[in-house]
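Before any comments, here is the structure.
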There are 4 protein chains.
Amino acid sequence: MKTVLLTGFEPFNKEPINPAWESVRALDGWSGSGFTVVARQLPCVFGAAIDTMRAALDELKPSLVIAIGQAGGRVDLSVERIAINIDDAPIEDNRQQQLVDQPIVAGGPAAYFSTLPIKAIVQALRAAGLPASVSQSAGTFVCNHIFYGLMHALAARADVKAGFIHIPYLPEQAARHPGAASMSLAQMVEGIRIAVRTSLAISTDISASAGATH
Amino acid sequence: MKTVLLTGFEPFNKEPINPAWESVRALDGWSGSGFTVVARQLPCVFGAAIDTMRAALDELKPSLVIAIGQAGGRVDLSVERIAINIDDAPIEDNRQQQLVDQPIVAGGPAAYFSTLPIKAIVQALRAAGLPASVSQSAGTFVCNHIFYGLMHALAARADVKAGFIHIPYLPEQAARHPGAASMSLAQMVEGIRIAVRTSLAISTDISASAGATH
Amino acid sequence: MKTVLLTGFEPFNKEPINPAWESVRALDGWSGSGFTVVARQLPCVFGAAIDTMRAALDELKPSLVIAIGQAGGRVDLSVERIAINIDDAPIEDNRQQQLVDQPIVAGGPAAYFSTLPIKAIVQALRAAGLPASVSQSAGTFVCNHIFYGLMHALAARADVKAGFIHIPYLPEQAARHPGAASMSLAQMVEGIRIAVRTSLAISTDISASAGATH
Amino acid sequence: MKTVLLTGFEPFNKEPINPAWESVRALDGWSGSGFTVVARQLPCVFGAAIDTMRAALDELKPSLVIAIGQAGGRVDLSVERIAINIDDAPIEDNRQQQLVDQPIVAGGPAAYFSTLPIKAIVQALRAAGLPASVSQSAGTFVCNHIFYGLMHALAARADVKAGFIHIPYLPEQAARHPGAASMSLAQMVEGIRIAVRTSLAISTDISASAGATH
């Protein structure tokens, strides 16, 4: 029985709710043929987020890890391509830290690519009627921080796939942020289910253009 | 018993589905205290759309009319403020007409304001957790055309309230239009319910800023 | 000798400069075959802006009036199609007035169309290598207010053409508003020159699609 | 005497002109205290672009290299933070190659950070009244390709600073792409001058937040 670890952050930036946590906790305990999902909440705090992630990796020994984060303003399920070794925070984290141009891991590689089949996930999401895209940047705040920390922790573990997906605001959040797009919780949860199933089923990603000219 | 007329267009611009029709037909026959809803489909055709609307007004003698239209790319339920007396089509309608700078009603007023309580509707939608805003332009295609035609038909009928609401793509449409926002059908339907209830309950709109600097 | 009146607002919304005034004052005194330009500054104040405009119309008896306004965030020279009879201010004007849903002229028409050859102007601007478009809404703040007031003052004067053009931030403004587009002053001035020449040369606008689906 | 190498691409994607080449060739031969600029054009071709760059590095032995590329649709001078080891082309290059998910350098690091003082450059540009920002992604087309190839070629040369700046469309290009922002050639050239001077003057970048939450 494989364990799938899904993580979602606690609310941040004055929001009362975080769709990342709401969607992954809805999947806690979900089992399919040969796998069971465990959902864990992460603090939206530089450093502590990675500590919590590492403890969960040690405890659960998952075969697949997908970290989920809120991207307020994005329109779709954004499957991230790459995590970069820098913290450059435009806002404070939940412990009032605002790191500027600090490496996440001193001496670590400049970046890690997702080991999820990101093109196959986007294709499967769209085929299911869910808006999705590949994103070329996860930003430089706590989402990119945990994505990098996760990939670094698993750098020697080619047998464990991992990556990060950004999700939009929930409608109730967008109702307080005029101009921002949103997605229903049901669709986020369904999208994450599809990402899990696709990641477990596909060992080599498909070849499909999903790049950006700039 | 008051009759509420909701209209939605047939699919256009190569889409297989139109969220406007999907959402209003889900409300056909819905009754509340003192009102019943009738939903009608309109052709996405200059001229014919207004003919169909006028026939429905004559037949049903509604107390309230809300026309719904798809605005692919918008992020929320956009309650339109004003209809203008011009057709200037960026694409062909469903009969391959592409009118340029034609008045909708020759000699008609330059514009009609919605007679719905647009500020109260937006407030009620947001209070229900649905993303919503007032829009200052319904464009110059068939949506604005029907909105103007509707208001012109009712110009002498101060007892009948009417207006137009633009809605986003459905998720399954946005899945084929990367970069476009979407909204679930359930939320569109709930939003239109709230617009109907608010329009029936409020006789004078609230005062709340919802303008644009440009 | 025809007089062409160009107006531009004083700075507003905490900006130290207004590109509208900077660009029209650069054209004050410009003469061509059969015309001379007079530039006037308008206060960014509901009511007072129209008073100043009306005084200038009485004094100068222009054959052509183009009012210019700043649209921070827009990318190009936006030739406005229509002015609507409503003030709905998202911010305060320069006398701390924030009007909400007040008609500009009580009992006035719902809207006035520009009498400039808006399609020909956009075509001429693009042919000269200047980014330009037709805009379907001038907003509901002081720009739309003066546009409506101008067209209302000239409603009985079919011999006088008038309209409104929105312009982007200057680069030095955009440098303080990350994410906002800009245009150089030289290009704004050249664009307004072209708009003046085109308006004087063309008596009937060309037919060219410049509409919006929504 | 230090040599500064500036590169700009030939036109691509059906454009008749490339602002990157126009702006760097305007600076060819520019000398200041202790430095001279050499501008070179690069083919917009995967592989060949890097070959041309490497030949120029060998020939010129520059102390500073800034590669410039067109980012049609961006609003400002975008100083890129990081180059990633992937080609994923959304369009064909100038030899009809459309690489998908190919590493730029097989076995190379996942990414390289710019060694320019990117925060100081953005600060200096804004202080000079030029819109500018730090960008977290240079895309996955030929611009990112040359940026990665450049940094890889200089990976062992800590004495040579290098990086990449994306620039908007020229106004004449945006005039053919309604909705796209632009910048005048004079401002681009001035901006690149400032980037050169700042890069030569600053050995350690300033600390200033310029990150993104997502």
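Identifiers for the structure tokens are assigned positionally: chains receive A, B, ... in sequence, residues are indexed from 1 per chain, and ligands are indexed from 1 in the order shown.
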**Message:** Need the shell around Thr36 of chain C: protein/DNA/RNA residues with any atom at most 7 Å away, counting only C-alpha atoms. Skip same-chain ones fewer than 5 positions apart. Format as a PyMOL selection string?
**Reply:** chain C and resi 2-4+29-31
**Item:** Within 9 Å of chain B: residues of chain C, using only C-alpha atoms, as a ChimeraX atom specification
**Value:** /C:69-72,74,82,84,87-91,98-101,109-113,136-144,166,207-214
What's the 6 Å shell around segment 178-186 of chain D, counting only C-alpha atoms, without same-chain residues fewer than 3 positions away, as a PDB file with N, CA, C and O atoms, in the first residue's frame?
ATOM      1  N   VAL C  75      -3.125  50.716 -21.869  1.00  0.00           N
ATOM      2  CA  VAL C  75      -1.882  50.537 -22.622  1.00  0.00           C
ATOM      3  C   VAL C  75      -1.761  51.446 -23.832  1.00  0.00           C
ATOM      4  O   VAL C  75      -0.686  51.558 -24.412  1.00  0.00           O
ATOM      5  N   ALA C 181       1.254  49.976 -17.583  1.00  0.00           N
ATOM      6  CA  ALA C 181       1.841  50.348 -18.873  1.00  0.00           C
ATOM      7  C   ALA C 181       2.044  51.860 -18.927  1.00  0.00           C
ATOM      8  O   ALA C 181       1.551  52.605 -18.079  1.00  0.00           O
TER       9      ALA C 181
ATOM     10  N   GLY D  73       3.995  42.127 -24.882  1.00  0.00           N
ATOM     11  CA  GLY D  73       2.905  42.092 -23.915  1.00  0.00           C
ATOM     12  C   GLY D  73       3.326  42.577 -22.541  1.00  0.00           C
ATOM     13  O   GLY D  73       2.499  43.062 -21.774  1.00  0.00           O
ATOM     14  N   VAL D  75       4.938  45.094 -19.767  1.00  0.00           N
ATOM     15  CA  VAL D  75       4.761  46.544 -19.700  1.00  0.00           C
ATOM     16  C   VAL D  75       6.039  47.306 -19.399  1.00  0.00           C
ATOM     17  O   VAL D  75       6.063  48.527 -19.530  1.00  0.00           O
ATOM     18  N   PRO D 168       9.647  45.462 -23.595  1.00  0.00           N
ATOM     19  CA  PRO D 168       8.311  45.392 -24.240  1.00  0.00           C
ATOM     20  C   PRO D 168       8.400  45.533 -25.758  1.00  0.00           C
ATOM     21  O   PRO D 168       9.480  45.714 -26.326  1.00  0.00           O
ATOM     22  N   TYR D 169       7.255  45.479 -26.408  1.00  0.00           N
ATOM     23  CA  TYR D 169       7.139  45.859 -27.811  1.00  0.00           C
ATOM     24  C   TYR D 169       7.491  47.336 -27.984  1.00  0.00           C
ATOM     25  O   TYR D 169       7.254  48.157 -27.089  1.00  0.00           O
ATOM     26  N   LEU D 170       7.986  47.682 -29.148  1.00  0.00           N
ATOM     27  CA  LEU D 170       8.023  49.081 -29.567  1.00  0.00           C
ATOM     28  C   LEU D 170       6.594  49.545 -29.870  1.00  0.00           C
ATOM     29  O   LEU D 170       5.739  48.723 -30.209  1.00  0.00           O
ATOM     30  N   PRO D 171       6.335  50.848 -29.801  1.00  0.00           N
ATOM     31  CA  PRO D 171       4.984  51.341 -30.112  1.00  0.00           C
ATOM     32  C   PRO D 171       4.488  50.874 -31.484  1.00  0.00           C
ATOM     33  O   PRO D 171       3.320  50.491 -31.630  1.00  0.00           O
ATOM     34  N   ALA D 174       3.186  47.401 -31.060  1.00  0.00           N
ATOM     35  CA  ALA D 174       1.939  47.363 -30.284  1.00  0.00           C
ATOM     36  C   ALA D 174       0.771  47.916 -31.095  1.00  0.00           C
ATOM     37  O   ALA D 174      -0.381  47.532 -30.883  1.00  0.00           O
ATOM     38  N   VAL D 189      16.747  52.251 -24.797  1.00  0.00           N
ATOM     39  CA  VAL D 189      18.188  52.492 -24.897  1.00  0.00           C
ATOM     40  C   VAL D 189      18.708  53.124 -23.605  1.00  0.00           C
ATOM     41  O   VAL D 189      19.743  52.710 -23.054  1.00  0.00           O
TER      42      VAL D 189
END
**Between atom CA of Ala153 of chain B and atom CA of Glu59 of chain B, distance in Å (one decimal)** = 13.5 Å
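Running DSSP on the backbone and keeping only strand (DSSP E), the residues of segment 97-211 of chain D that qualify are Val100, Asp101, Gln102, Ala111, Tyr112, Phe113, Ala132, Ser133, Val134, Ser135, Lys161, Ala162, Gly163, Phe164, Ile165, His166 and Ile167 of chain D.
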**Prompt:** What's the 12 Å shell around Ala201 of chain D, counting only C-alpha atoms, without same-chain residues fewer than 3 positions away, as a list of chain:residue names?
**Reply:**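 The filter keeps D:Gly32, D:Ser33, D:Gly34, D:Phe35, D:Leu64, D:Leu116, D:Pro117, D:Ala120, D:Ile121, D:Ala124, D:Lys161, D:Ile194, D:Ala195, D:Val196, D:Arg197, D:Thr198, D:Thr204, D:Asp205.
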**Length of the atom CA of Arg157 of chain C to atom CA of Gly8 of chain C vector [Å]** =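 According to the coordinates, atom CA of Arg157 of chain C and atom CA of Gly8 of chain C are separated by 22.1 Å.
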